[in-house]
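Worksheet: one structure, shown below.
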Amino acid sequence: MIEVKPEQQEAMPTRIPRFAPVLSDADATSQAGILKALASPVRLHIIRLLVRHEDDICVFEIADALGMAQPTISHHLGILSDAGLVGVREAGNWGYYYVCKENLAHVHAIIDGLTEGCNG
């Protein structure tokens, strides 16, 4: 490590970065969490299925539609729910899931923000 003497520190120019972050660390972490929740083929299938249907869908119906075990679907629904992308309505012992359209619209805004300022 190079040792800088106090009298040399004053002579060193202040470096101003050429580029500044566009997002705060908190926003970047939040957006990465949402995108990470979508970064699975199974979760993308679930979102597409929920978007296509206007009514809530029972977890067993999702499992049947995708040909997967209910615990696997429940695991993926939990990740999507934690990210705020799906909601659940409890009815007795059953969970009926739906897509949170306003939060899904936020995903569109995140993606659009990635291309903001691009020419073309």
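Naming works like this for the structure tokens: A, B, ... for the chains as they're shown, residue 1 at the start of each chain, ligands 1 onward in shown order.
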Report as a Markdown table the residues of segment 55-94 of chain A within 12 Å of segment 20-30 of chain A, each with its shortest atom pair and distance in Å (one decimal), using only C-alpha atoms, ordered by chain and increasing residue number.
| residue | atom | partner | partner_atom | distance |
| --- | --- | --- | --- | --- |
| A:Asp82 | CA | A:Ser30 | CA | 11.6 |
| A:Ala83 | CA | A:Ser30 | CA | 9.0 |
| A:Gly84 | CA | A:Ser30 | CA | 11.1 |
For the selection just defined, write its residues with N, CA and C atoms to a file, as an mmCIF file, in the first residue's frame.
data_model
loop_
_atom_site.group_PDB
_atom_site.id
_atom_site.type_symbol
_atom_site.label_atom_id
_atom_site.label_comp_id
_atom_site.auth_asym_id
_atom_site.auth_seq_id
_atom_site.Cartn_x
_atom_site.Cartn_y
_atom_site.Cartn_z
ATOM 1 N N ASP A 82 -44.109 -13.021 -1.634
ATOM 2 C CA ASP A 82 -43.149 -12.189 -0.891
ATOM 3 C C ASP A 82 -42.705 -10.983 -1.712
ATOM 4 N N ALA A 83 -42.641 -11.153 -3.021
ATOM 5 C CA ALA A 83 -42.247 -10.054 -3.910
ATOM 6 C C ALA A 83 -43.424 -9.124 -4.217
ATOM 7 N N GLY A 84 -44.615 -9.486 -3.741
ATOM 8 C CA GLY A 84 -45.793 -8.650 -3.972
ATOM 9 C C GLY A 84 -46.423 -8.831 -5.343
#
Residue contacts of segment 34-42 of chain A (10 Å, only C-alpha atoms) excluding same-chain residues fewer than 4 positions away, as JSON, numbers by chain: {"A": [29, 30, 46, 47, 48, 66, 68, 72, 73, 76, 77, 78, 79, 80, 81, 82, 83, 84, 85, 103, 104, 106, 107, 110, 111]}
Segment 5-101 of chain A: residues DSSP assigns to alpha helix (DSSP H), reported as a PyMOL selection string: chain A and resi 6-11+25-38+41-52+59-66+70-82+101
Among listed residues A:Val51, A:Gly67, A:Leu44, A:Arg89, nearest Ala105 of chain A (using only C-alpha atoms): A:Val51
Every residue of chain A that DSSP places in strand (DSSP E), as a ChimeraX atom specification: /A:57-58,86-91,94-99
Taking N, CA and C atoms for each residue, export the selection above as an mmCIF file, in the first residue's frame.
data_model
loop_
_atom_site.group_PDB
_atom_site.id
_atom_site.type_symbol
_atom_site.label_atom_id
_atom_site.label_comp_id
_atom_site.auth_asym_id
_atom_site.auth_seq_id
_atom_site.Cartn_x
_atom_site.Cartn_y
_atom_site.Cartn_z
ATOM 1 N N ILE A 57 -57.286 -18.507 -8.670
ATOM 2 C CA ILE A 57 -57.060 -19.905 -9.030
ATOM 3 C C ILE A 57 -56.518 -20.646 -7.813
ATOM 4 N N CYS A 58 -57.125 -21.789 -7.534
ATOM 5 C CA CYS A 58 -56.701 -22.630 -6.418
ATOM 6 C C CYS A 58 -55.311 -23.210 -6.715
ATOM 7 N N VAL A 86 -48.097 -11.685 -6.418
ATOM 8 C CA VAL A 86 -49.362 -12.411 -6.323
ATOM 9 C C VAL A 86 -49.928 -12.221 -4.924
ATOM 10 N N GLY A 87 -51.234 -12.350 -4.850
ATOM 11 C CA GLY A 87 -51.932 -12.315 -3.571
ATOM 12 C C GLY A 87 -52.704 -13.598 -3.401
ATOM 13 N N VAL A 88 -53.189 -13.831 -2.191
ATOM 14 C CA VAL A 88 -53.935 -15.050 -1.906
ATOM 15 C C VAL A 88 -55.194 -14.715 -1.123
ATOM 16 N N ARG A 89 -56.249 -15.412 -1.464
ATOM 17 C CA ARG A 89 -57.506 -15.318 -0.732
ATOM 18 C C ARG A 89 -57.729 -16.686 -0.105
ATOM 19 N N GLU A 90 -57.799 -16.700 1.214
ATOM 20 C CA GLU A 90 -58.010 -17.954 1.928
ATOM 21 C C GLU A 90 -59.505 -18.253 1.994
ATOM 22 N N ALA A 91 -59.858 -19.496 1.720
ATOM 23 C CA ALA A 91 -61.242 -19.957 1.832
ATOM 24 C C ALA A 91 -61.196 -21.359 2.439
ATOM 25 N N TRP A 94 -58.228 -23.899 1.685
ATOM 26 C CA TRP A 94 -57.713 -23.677 0.338
ATOM 27 C C TRP A 94 -57.193 -22.256 0.176
ATOM 28 N N GLY A 95 -56.194 -22.126 -0.663
ATOM 29 C CA GLY A 95 -55.674 -20.814 -1.028
ATOM 30 C C GLY A 95 -55.948 -20.558 -2.494
ATOM 31 N N TYR A 96 -56.542 -19.420 -2.773
ATOM 32 C CA TYR A 96 -56.862 -19.027 -4.148
ATOM 33 C C TYR A 96 -55.987 -17.832 -4.513
ATOM 34 N N TYR A 97 -55.202 -17.972 -5.553
ATOM 35 C CA TYR A 97 -54.200 -16.971 -5.907
ATOM 36 C C TYR A 97 -54.636 -16.114 -7.080
ATOM 37 N N TYR A 98 -54.144 -14.904 -7.070
ATOM 38 C CA TYR A 98 -54.406 -13.946 -8.141
ATOM 39 C C TYR A 98 -53.159 -13.085 -8.323
ATOM 40 N N VAL A 99 -53.021 -12.514 -9.512
ATOM 41 C CA VAL A 99 -51.889 -11.634 -9.785
ATOM 42 C C VAL A 99 -52.219 -10.228 -9.278
#
